[in-house]
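Have a look at the structure below before the remarks.
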Amino acid sequence: MPGQLRDYFVVLPDSVAGAAAAGRLPAPGVTGTVPPVGDALTVAHPSGRPWVVARPLVRKVSHLARGGDALVLIGPDRVPDAVLAGLLEGARSRTALEARLARLPGLYHVVARLSGETWVRGTATGLRRIYHARHPDAGTIASDRPAVLARLIDAPLDDGALALRLLDFVPHPLSRRVVWRGVHETGAGYGLALPVAAPGTAAVPGPAEHRWWEPPPGELSLAEGARRLGDAVAASVRAHVGGLDRISCELSGGMDSTALTFAARETGPASLSLLTVAARDRYSEDETWARRAVEAARGAEAAPKGVAGRGAEAARRTAGASALDHHLIAADDAPYFYADLAATSAELNDEPLPVAPGRARAHLLLSRARATGSRYHLTGYGGDELFLGLPHAYQDLFHGNPLTAWNHLSGLRHQLGWPLLPTLKALLGRSTFPRWIAGAVSTEPQPVARTPLLSWGVRQSLRPWFTDHGCALITEEFRAAAEHAEPIDPWRGRHVDIDAVRMGARHFQAMEDVGMTIGLPVAAPFYDDRVLEATLAVRLPERISPWRYKPLLAEAMRGVVPDALLARTTKDHMSSDEHQGLSQHASELAELWADSRLAAHGLVDSRRLLRLAAEPFSPVLVEHSISPTVAGETWLRTAQNAWPALHSTTPSSEATL
């Protein structure tokens, strides 16, 4: 089965060649229970030629014109014409438009035409991205899907970018290296300006990137920041599920999923289904906390005022409006990691994603959610990256408040077992970002458990099963990036915080695409730009603490989530399921490596991988995760067989702007 595209859009130049390119756009495949794909929606240039061609399976396209200017928003909710008019009115520049767009939840792709120039951008969190490529006839074409552009320009794969994806994560700026040659990613927080031809000429200037988003200064108190964060989370949840009668939430029992469960309940759906996957680990606490959350939500209806606090009062407001069902998926029903690897061919992700080996687990959960009649599913993805706090942040705090920084860091150091002298050395280190990038990969194992994490990121080890060619490609990519690398933010902690959010948002695409395959939209409201901004706006020593678990989120949800549920200070992990999966699915892994596409590209040693498949509990696999390599292999098979035949499409539903 070839890989299937989820919804996509393209932005085309106003030319005959641009219109011809629109006719060559691939049609998203229809498999399984995905609803039939309708005709493309076309928003036209004033000339009548196609400007924006969108195939929205789930997302809504809102568009409006005022004279020669126009605005298109693509996101989870339809934006009323009156709101669009207010955004566009008087916005003669992209800067003025962006100031107005800050009123909306930060979940939309933006395409605007202002004074003849086209402006395209995604989101600051990186959940929605923009790519562009130069078509030999039409010039620059932009899209939210690199695979679409790769098909239009017949782009070959880029082995260097593919090799990077075999690491656990790809840090900024290397994450922008697209796996197809000639296709380029616009950085998160930047937009793409596509000028028109100069008067009297046929030549069109090339695209230019402009920064539209800056992280806010961390100046707010915890109380003020919590109010702002609570409003942002509520707005994001409403944008996804507000007005829907049947929705579902993944209720793992952790604070993130619990917060979104109660936020979703506030929207007043007729039916709210909560799904929890039981853990095989008998020491796991997630199921216990999930049951407590369900009991609290159900018990709040009968709680007299003043008995259970503001959490009960908030829950009581919607208790009579929503039928709440809890679906507990038995641990034995949950697939181990690496199960049903062939099924990953059902979706063509933008790139290999390390979470792909867990696809079978995601498919099970979302299938059960869809079986409840849910029309939209919410998850707590992004909560850890936003609210847990990374140690690197104490580098920032040390510059302005060294005593507070050392006090907090001492508490963290004792929890993590960091030795004193290496911690001091790391705290006082002044390595530049380019220098860090140049040395961010190594052939030596990284003793992460007792290594102070206070630099620009985490150094990674090249895997023993990488070939010399694969290792050379990766090290050269890092070396080349170091020559011109600039951090996301001058402060180390802010740089790492934002990069972690963007990595997580990129990985969430795999979950979205599984949902597309079975016909259930999936959302992670924490990846909303307004949520990120509200988090970064809080003073650092109040936002994170070694003595409180996610203090900002806890305060933001107080009054919505019962206080007893905000008191949790632990987090479960599923590492045992991954190691067991290597054993349970050893034969499937061996079959994968016996005909390895990565080996054909010269990136991995298939014989070494075959030996490891036969030794699933090898210390090598304990020390080095094989998930990214498995993800790279399965993705490569899908990408090389993505379009067995080109399906031309003729956009039919037109809106001339």
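Each chain in the structure tokens gets a letter, A, B, ..., in the order shown, and its residues are numbered from 1; ligands are numbered from 1 in order too.
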Produce a table with one row for each residue of segment 62-134 of chain A that has an atom at most 6 Å from any atom of segment 502-522 of chain A, each row naming the nearest atom pair and its distance in Å at one decimal; use only C-alpha atoms; arrange rows by chain and rising residue number; format as CSV.
```
residue,atom,partner,partner_atom,distance
A:Thr125,CA,A:Arg502,CA,5.2
A:Gly126,CA,A:Arg502,CA,5.0
A:Leu127,CA,A:Ala505,CA,4.8
```
Could you take the residues named above and write them with N, CA and C atoms, as a PDB file, in the first residue's frame?
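As written to disk, again_13.pdb reads:
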```pdb
ATOM      1  N   THR A 125       5.260  27.421  17.114  1.00  0.00           N
ATOM      2  CA  THR A 125       5.600  26.155  17.773  1.00  0.00           C
ATOM      3  C   THR A 125       6.145  25.127  16.789  1.00  0.00           C
ATOM      4  N   GLY A 126       5.970  25.363  15.490  1.00  0.00           N
ATOM      5  CA  GLY A 126       6.398  24.387  14.494  1.00  0.00           C
ATOM      6  C   GLY A 126       5.373  23.310  14.221  1.00  0.00           C
ATOM      7  N   LEU A 127       4.201  23.391  14.850  1.00  0.00           N
ATOM      8  CA  LEU A 127       3.162  22.411  14.566  1.00  0.00           C
ATOM      9  C   LEU A 127       2.705  22.521  13.117  1.00  0.00           C
TER      10      LEU A 127
END
```
Practice item. Write down as a PyMOL selection string the residues belonging to segment 202-414 of chain A that are assigned strand (DSSP E) by DSSP computed on the backbone. Key: chain A and resi 208-211+246-250+271-277+323-329+377-378
Check your understanding: What does the distance from atom CA of Ala362 of chain A to atom CA of Leu612 of chain A come to in Å, to one decimal?
Key ->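 Computing the Euclidean distance for atom CA of Ala362 of chain A and atom CA of Leu612 of chain A yields 25.7 Å.
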Point to revise | Surrounding residues of Ile74 of chain A excluding itself and chain neighbours under 5 positions, 8 Å, only C-alpha atoms, as an NGL selection string | key: :A and (59-62 or 108-110)
Check your understanding: Nearest to Leu636 of chain A: which of A:Ala586, A:Ala342, A:Ile474, A:Leu167 is it, counting only C-alpha atoms?
Key ->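 So, comparing all the options, the nearest one is A:Ala342.
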Practice item. Counting only C-alpha atoms, figure out which residue out of A:Lys550, A:Arg78, A:Arg238, A:Arg597 gets nearest to Leu378 of chain A. Key: A:Arg238
Point to revise | Pick from A:Phe387, A:Phe398, A:Trp456, A:Trp418, whichever lies nearest to Ser431 of chain A using only C-alpha atoms | key: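 Looking only at the distances to Ser431 of chain A, the closest residue turns out to be A:Trp456.
Closest approach to Pro217 of chain A among A:Leu365, A:Leu107, A:Leu403, A:Val538: A:Val538, based on only C-alpha atoms.
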Practice item. Quick one: everything within 10 Å of Asp528 of chain A, counting only C-alpha atoms, minus sequence neighbours fewer than 4 positions away in the same chain. Send it as a ChimeraX atom specification. Key: /A:105-108,123-128,232-233,235-237,382,505,524,532-533
Review point. How far is it from atom CA of Val277 of chain A to atom CA of Met557 of chain A, in Å with one decimal?
Key: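 Atom CA of Val277 of chain A sits 23.7 Å away from atom CA of Met557 of chain A.
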Check your understanding: Between A:Leu589, A:Val196, A:Ala208, A:Leu553, which is the closest to Ala631 of chain A once you count only C-alpha atoms?
Key -> A:Leu589
What's around Gly429 of chain A at 9 Å? Count only C-alpha atoms, leave out sequence neighbours fewer than 5 positions away in its own chain, and write the answer as a PDB file with N, CA, C and O atoms, in the first residue's frame.
```pdb
ATOM      1  N   LEU A 424      29.335  22.603  38.324  1.00  0.00           N
ATOM      2  CA  LEU A 424      29.885  23.959  38.341  1.00  0.00           C
ATOM      3  C   LEU A 424      30.551  24.305  37.019  1.00  0.00           C
ATOM      4  O   LEU A 424      30.384  25.405  36.487  1.00  0.00           O
ATOM      5  N   LEU A 454      23.429  21.540  30.813  1.00  0.00           N
ATOM      6  CA  LEU A 454      23.373  22.986  30.974  1.00  0.00           C
ATOM      7  C   LEU A 454      23.904  23.720  29.755  1.00  0.00           C
ATOM      8  O   LEU A 454      24.187  24.913  29.828  1.00  0.00           O
ATOM      9  N   SER A 455      24.066  23.025  28.641  1.00  0.00           N
ATOM     10  CA  SER A 455      24.589  23.661  27.445  1.00  0.00           C
ATOM     11  C   SER A 455      23.462  23.991  26.482  1.00  0.00           C
ATOM     12  O   SER A 455      22.309  24.161  26.885  1.00  0.00           O
TER      13      SER A 455
END
```
Review point. Which residue, A:Leu328, A:Leu540, A:Ala426, A:Arg280, has the smallest gap to Ala405 of chain A when you use only C-alpha atoms?
Key: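 Result for the nearest residue to Ala405 of chain A: A:Leu540.
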Point to revise | Secondary structure check, alpha helix (DSSP H) residues of segment 248-397 of chain A, as a ChimeraX atom specification | key: /A:255-266,286-299,309-319,359-371,383,393-397
Exercise for review: For atom CA of Thr432 of chain A and atom CA of Ala188 of chain A, determine how far apart the two atoms are, in Å to one decimal place.
Suggested key: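 Between atom CA of Thr432 of chain A and atom CA of Ala188 of chain A the gap is 21.7 Å.
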Point to revise | Test item: residues at most 12 Å from Arg608 of chain A, only C-alpha atoms, excluding those fewer than 4 positions along its chain, as a list in words | key: Arg463, Pro464, Trp465, Phe466, Thr467, Ala590, Trp593, Ala594, Ser596, Ala599, Val604, Leu612, Ala613, Ala614, Glu615, Val620 and Leu621 of chain A
Practice item. Would you list the contacts of Leu565 of chain A as a list in words, taking every protein, DNA or RNA residue within 8 Å and counting only C-alpha atoms, but skipping same-chain residues closer than 4 positions in sequence? Key: Met255, Thr258, Trp289, Arg292, Ala293 and Val561 of chain A
Cut-off 10 Å: closest segment 205-324 of chain A/segment 133-145 of chain A atom pairs per residue, using only C-alpha atoms, as CSV:
```
residue,atom,partner,partner_atom,distance
A:Pro205,CA,A:Thr140,CA,9.5
A:Gly206,CA,A:Thr140,CA,7.3
A:Pro207,CA,A:Thr140,CA,7.2
```
Produce a file of the selected residues containing C-alpha atoms, as a compact mmCIF listing (two decimals), in the first residue's frame.
```
# COMPACT_ATOMS: atom_id res chain seq x y z
CA PRO A 205 12.35 37.98 -7.38
CA GLY A 206 13.07 34.91 -5.29
CA PRO A 207 11.34 34.22 -1.97
```
